[in-house]
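S.K.: Just passing along the structure, written as structure tokens.
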Amino acid sequence: MTGPESEGSQVRRAVCPGSFDPITNGHLDIISRASRLYDEVYVAVMINKAKKGLFEIEERIDLIRQATAEFENVRVEAFHGLLVDFCKQRDIPAIVKGLRAVSDFDYELQMAQMNNGLTGVETLFVPTNPTYSFLSSSLVKEVATWGGDVAHLVPPVVLEALNKRLRKD
Ligand code: ADP
């Protein structure tokens, strides 16, 4: 059979990749919107051995799992190497990324074109909710380090983890 009926039997998967050090409400907004568009959404946490983050990979994964617990079709995994290989191994044809501002666009376009050239994987850009257009993990860490209030920018589990980590250091 051809056409929408045969296509409809396929599980539609997408991936939201990133460092998530830690996950913010901006990430969560994109993940939740992707989870409404796709049957299965993978959150892929990039392992970068050259760059030590505030949180270990396992801690980041744990925080994302807790923050996304309400979305039944979201799975969280670590990855290293090429994102296109992660996609190929799991039969994922689409990468979903949030675009905050024009400044994000140049680099994202290059990556999308490179990834498409490598394996044919598509990248879909979702415009950020304006509430979070200024928000990044690094800014959250910076503000929290100096005692600023980030309660409205991250999920409650992340706020707790940030307070613990930064108080201890
Ligand atoms: P990296 O900087 O390593 O790419 P991040 O973990 O900071 O990873 O972000 C991963 C992806 O999440 C970004 O490429 C972007 O698509 C999305 N993202 C990050 N912050 C926001 C935000 N405030 N609003 C919407 N999307 C965001």
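By order of appearance in the structure tokens: chains A, B, ..., then residues from 1 within every chain, and ligands from 1 in the order shown.
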Any idea what's packed within 12 Å of A:His152, counting only C-alpha atoms, ignoring anything in its chain fewer than 4 positions away? Could you give it as JSON, numbers by chain?
M.R.: {"A": [24, 25, 26, 131, 132, 135, 140, 144, 148, 156, 158, 159]}
S.K.: Keeping N, CA and C atoms for every residue in the selection just given, could you write it to a file as a short mmCIF file (atom, residue, chain, number, x, y, z; two decimals), in the first residue's frame?
M.R.:
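What ended up in result.cif:
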data_model
loop_
_atom_site.label_atom_id
_atom_site.label_comp_id
_atom_site.auth_asym_id
_atom_site.auth_seq_id
_atom_site.Cartn_x
_atom_site.Cartn_y
_atom_site.Cartn_z
N THR A 24 16.83 23.86 30.94
CA THR A 24 16.11 25.08 31.34
C THR A 24 14.66 25.01 30.85
N ASN A 25 13.88 26.00 31.23
CA ASN A 25 12.49 26.05 30.74
C ASN A 25 12.44 26.27 29.23
N GLY A 26 13.49 26.86 28.67
CA GLY A 26 13.56 27.04 27.21
C GLY A 26 13.67 25.70 26.51
N THR A 131 9.19 34.32 25.85
CA THR A 131 9.53 34.39 27.29
C THR A 131 10.94 33.85 27.54
N TYR A 132 11.38 32.92 26.67
CA TYR A 132 12.67 32.27 26.91
C TYR A 132 13.72 32.63 25.87
N LEU A 135 17.21 33.10 27.14
CA LEU A 135 17.61 32.12 28.15
C LEU A 135 18.60 31.09 27.63
N VAL A 140 21.98 31.01 33.04
CA VAL A 140 21.35 30.55 34.29
C VAL A 140 22.43 30.27 35.34
N ALA A 144 22.87 32.29 38.78
CA ALA A 144 22.70 31.52 40.02
C ALA A 144 23.98 31.55 40.87
N GLY A 148 21.59 35.30 42.05
CA GLY A 148 20.39 35.81 41.39
C GLY A 148 19.28 34.77 41.38
N PRO A 156 11.72 23.07 38.83
CA PRO A 156 12.03 23.04 40.27
C PRO A 156 13.17 22.07 40.65
N VAL A 158 15.75 21.33 38.95
CA VAL A 158 17.02 21.95 38.55
C VAL A 158 17.39 23.07 39.52
N LEU A 159 16.39 23.81 39.95
CA LEU A 159 16.64 24.88 40.93
C LEU A 159 17.26 24.29 42.19
#
S.K.: At a cut-off of 6 Å, can you tabulate as a tab-separated table every residue of chain A near ligand 1 together with its closest atom pair and the distance in Å to one decimal, using only C-alpha atoms and all ligand atoms and ordering rows by chain then number?
M.R.:
residue	atom	partner	partner_atom_place_in_ligand_line	distance
A:Pro17	CA	ligand 1	10 (C)	5.8
A:Gly18	CA	ligand 1	10 (C)	3.6
A:Ser19	CA	ligand 1	6 (O)	3.7
A:Phe20	CA	ligand 1	6 (O)	3.7
A:Gly26	CA	ligand 1	22 (C)	3.6
A:His27	CA	ligand 1	27 (C)	4.7
A:Ile30	CA	ligand 1	26 (N)	5.7
A:Lys97	CA	ligand 1	16 (O)	3.5
A:Gly98	CA	ligand 1	16 (O)	3.6
A:Leu99	CA	ligand 1	16 (O)	5.8
A:Arg100	CA	ligand 1	24 (N)	5.6
A:Thr128	CA	ligand 1	25 (C)	4.5
A:Tyr132	CA	ligand 1	23 (N)	4.6
A:Ser133	CA	ligand 1	23 (N)	5.2
A:Leu135	CA	ligand 1	23 (N)	4.1
A:Ser136	CA	ligand 1	20 (N)	4.9
A:Ser137	CA	ligand 1	7 (O)	5.6
S.K.: For the residues selected in the previous step, produce a file with all heavy atoms as a tab-separated table (two decimals), in the first residue's frame.
M.R.:
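Result file follows (part38.tsv):
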chain	number	residue	atom	x	y	z
A	17	PRO	N	18.69	17.54	20.53
A	17	PRO	CA	20.05	17.38	21.06
A	17	PRO	C	20.55	18.61	21.81
A	17	PRO	O	20.05	19.72	21.59
A	17	PRO	CB	20.87	17.20	19.78
A	17	PRO	CG	20.14	18.04	18.77
A	17	PRO	CD	18.70	18.11	19.18
A	18	GLY	N	21.54	18.42	22.67
A	18	GLY	CA	22.14	19.58	23.34
A	18	GLY	C	23.04	19.14	24.48
A	18	GLY	O	23.23	17.95	24.72
A	19	SER	N	23.57	20.14	25.18
A	19	SER	CA	24.43	19.86	26.34
A	19	SER	C	23.58	19.75	27.62
A	19	SER	O	23.93	19.01	28.53
A	19	SER	CB	25.46	20.97	26.53
A	19	SER	OG	26.15	21.19	25.33
A	20	PHE	N	22.55	20.54	27.70
A	20	PHE	CA	21.62	20.51	28.84
A	20	PHE	C	22.35	20.59	30.18
A	20	PHE	O	22.13	19.76	31.07
A	20	PHE	CB	20.74	19.25	28.79
A	20	PHE	CG	19.96	19.13	27.51
A	20	PHE	CD1	20.38	18.27	26.50
A	20	PHE	CD2	18.81	19.88	27.31
A	20	PHE	CE1	19.66	18.17	25.31
A	20	PHE	CE2	18.08	19.78	26.13
A	20	PHE	CZ	18.52	18.92	25.13
A	26	GLY	N	13.49	26.86	28.67
A	26	GLY	CA	13.56	27.04	27.21
A	26	GLY	C	13.67	25.70	26.51
A	26	GLY	O	12.96	25.41	25.54
A	27	HIS	N	14.57	24.82	27.01
A	27	HIS	CA	14.68	23.46	26.47
A	27	HIS	C	13.35	22.73	26.61
A	27	HIS	O	12.89	22.07	25.68
A	27	HIS	CB	15.72	22.64	27.24
A	27	HIS	CG	17.14	23.11	27.11
A	27	HIS	ND1	17.93	23.42	28.19
A	27	HIS	CD2	17.92	23.31	26.02
A	27	HIS	CE1	19.13	23.77	27.79
A	27	HIS	NE2	19.16	23.73	26.47
A	30	ILE	N	10.72	23.50	24.09
A	30	ILE	CA	10.94	22.87	22.78
A	30	ILE	C	10.64	21.37	22.84
A	30	ILE	O	10.00	20.81	21.96
A	30	ILE	CB	12.40	23.10	22.30
A	30	ILE	CG1	12.70	24.60	22.15
A	30	ILE	CG2	12.68	22.35	20.99
A	30	ILE	CD1	11.85	25.34	21.15
A	97	LYS	N	15.17	21.67	16.75
A	97	LYS	CA	15.97	22.65	17.47
A	97	LYS	C	15.19	23.92	17.69
A	97	LYS	O	14.36	24.32	16.85
A	97	LYS	CB	17.23	22.99	16.68
A	97	LYS	CG	18.09	21.78	16.37
A	97	LYS	CD	19.53	22.04	16.58
A	97	LYS	CE	19.99	22.01	18.01
A	97	LYS	NZ	21.42	22.24	18.11
A	98	GLY	N	15.43	24.57	18.81
A	98	GLY	CA	14.79	25.86	19.08
A	98	GLY	C	15.65	26.97	18.51
A	98	GLY	O	16.88	26.91	18.60
A	99	LEU	N	15.01	27.96	17.93
A	99	LEU	CA	15.76	29.15	17.45
A	99	LEU	C	15.38	30.32	18.34
A	99	LEU	O	14.22	30.72	18.38
A	99	LEU	CB	15.38	29.48	16.02
A	99	LEU	CG	16.11	28.79	14.87
A	99	LEU	CD1	15.71	29.44	13.55
A	99	LEU	CD2	17.63	28.83	15.04
A	100	ARG	N	16.38	30.85	19.03
A	100	ARG	CA	16.11	31.96	19.94
A	100	ARG	C	16.13	33.31	19.24
A	100	ARG	O	15.28	34.14	19.44
A	100	ARG	CB	17.14	31.97	21.08
A	100	ARG	CG	16.86	30.93	22.13
A	100	ARG	CD	17.99	30.76	23.05
A	100	ARG	NE	19.07	30.04	22.39
A	100	ARG	CZ	20.06	29.43	23.01
A	100	ARG	NH1	20.15	29.51	24.32
A	100	ARG	NH2	20.97	28.77	22.35
A	128	THR	N	11.47	29.92	19.41
A	128	THR	CA	11.38	29.95	20.87
A	128	THR	C	10.20	30.77	21.34
A	128	THR	O	9.88	31.82	20.77
A	128	THR	CB	12.67	30.58	21.41
A	128	THR	OG1	13.73	29.72	21.08
A	128	THR	CG2	12.62	30.79	22.90
A	132	TYR	N	11.38	32.92	26.67
A	132	TYR	CA	12.67	32.27	26.91
A	132	TYR	C	13.72	32.63	25.87
A	132	TYR	O	14.75	31.97	25.78
A	132	TYR	CB	12.48	30.74	26.90
A	132	TYR	CG	11.43	30.28	27.86
A	132	TYR	CD1	10.38	29.46	27.45
A	132	TYR	CD2	11.47	30.67	29.21
A	132	TYR	CE1	9.41	29.03	28.34
A	132	TYR	CE2	10.50	30.25	30.10
A	132	TYR	CZ	9.47	29.44	29.65
A	132	TYR	OH	8.51	29.02	30.53
A	133	SER	N	13.49	33.68	25.09
A	133	SER	CA	14.40	33.94	23.98
A	133	SER	C	15.77	34.43	24.45
A	133	SER	O	16.73	34.38	23.69
A	133	SER	CB	13.78	34.93	23.00
A	133	SER	OG	13.50	36.11	23.67
A	135	LEU	N	17.21	33.10	27.14
A	135	LEU	CA	17.61	32.12	28.15
A	135	LEU	C	18.60	31.09	27.63
A	135	LEU	O	18.41	30.51	26.56
A	135	LEU	CB	16.32	31.41	28.62
A	135	LEU	CG	16.41	30.38	29.73
A	135	LEU	CD1	17.11	30.92	30.95
A	135	LEU	CD2	15.00	29.89	30.07
A	136	SER	N	19.67	30.86	28.38
A	136	SER	CA	20.62	29.79	28.05
A	136	SER	C	21.11	29.16	29.35
A	136	SER	O	21.06	29.79	30.41
A	136	SER	CB	21.80	30.35	27.26
A	136	SER	OG	22.56	31.19	28.10
A	137	SER	N	21.61	27.93	29.25
A	137	SER	CA	22.12	27.25	30.45
A	137	SER	C	23.26	28.06	31.06
A	137	SER	O	23.36	28.18	32.28
A	137	SER	CB	22.63	25.85	30.09
A	137	SER	OG	21.59	25.07	29.58
S.K.: Going by DSSP on the backbone, which residues of chain A come out as strand (DSSP E or B)? List them as an MDAnalysis selection string.
M.R.: chainID A and resid 13:18 40:46 74:79 94:99 122:127
S.K.: Measuring between only C-alpha atoms, which one of A:Ile31, A:Val43, A:Val126, A:Val150 shows the shortest distance to A:Ala78?
M.R.: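 Closest to A:Ala78 of all the choices is A:Val43.
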S.K.: Separation of atom CA of A:Phe71 and atom CA of A:Lys164, in Å?
M.R.: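 One can read the atom CA of A:Phe71 to atom CA of A:Lys164 distance as 26.2 Å.
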S.K.: Using backbone DSSP assignments, extract all alpha helix (DSSP H) residues from stretch 5-155 of chain A; output them as JSON, numbers by chain.
M.R.: {"A": [5, 6, 7, 8, 25, 26, 27, 28, 29, 30, 31, 32, 33, 34, 35, 36, 37, 57, 58, 59, 60, 61, 62, 63, 64, 65, 66, 67, 83, 84, 85, 86, 87, 88, 89, 90, 102, 103, 104, 105, 106, 107, 108, 109, 110, 111, 112, 113, 114, 115, 116, 117, 118, 119, 137, 138, 139, 140, 141, 142, 143, 144, 145]}
S.K.: Which residue is closest to A:Phe125? Choose from A:Ile95, A:Glu40, A:Arg65, A:Asn48 and count only C-alpha atoms.
M.R.: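 Comparing A:Ile95, A:Glu40, A:Arg65, A:Asn48 against A:Phe125, the winner is A:Ile95.
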S.K.: May I ask which of the residues A:Pro93, A:Pro155, A:Gly147, A:Gly117 is the closest one to A:Arg13, counting only C-alpha atoms?
M.R.: A:Pro93
S.K.: Looking at only C-alpha atoms, which of A:Thr68, A:Gln10, A:Asn73, A:Pro22 is the one that sits closest to A:Arg36?
M.R.: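 Distance minimum relative to A:Arg36 lands on A:Asn73.
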S.K.: When you look at A:Leu166 with a cut-off of 8 Å (counting only C-alpha atoms), what residues show up, excluding the ones that are within fewer than 3 positions of it in the same chain? I need them as a list in words.
M.R.: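 Answer for this query is Ala144, Thr145, Leu162, Asn163 and Asp169 of chain A.
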S.K.: Write a file of the just-selected residues containing C-alpha atoms, as a PDB file, in the first residue's frame.
M.R.:
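For reference, again-v5.pdb as written:
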ATOM      1  CA  ALA A 144      22.700  31.522  40.021  1.00  0.00           C
ATOM      2  CA  THR A 145      26.411  31.605  40.922  1.00  0.00           C
ATOM      3  CA  LEU A 162      21.730  24.311  41.316  1.00  0.00           C
ATOM      4  CA  ASN A 163      21.310  25.578  44.867  1.00  0.00           C
ATOM      5  CA  ASP A 169      31.383  24.807  45.847  1.00  0.00           C
TER       6      ASP A 169
END
S.K.: Return the single residue from A:Ile23, A:Met46, A:Ala101, A:Val121 that is closest to A:Asp62, with distances computed using only C-alpha atoms.
M.R.: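 Using only C-alpha atoms, the shortest distance to A:Asp62 belongs to A:Ile23.
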S.K.: Write out as an MDAnalysis selection string which residues come within 6 Å of A:Val41 when counting only C-alpha atoms, dropping same-chain ones fewer than 3 positions away.
M.R.: chainID A and resid 13:15 35 74
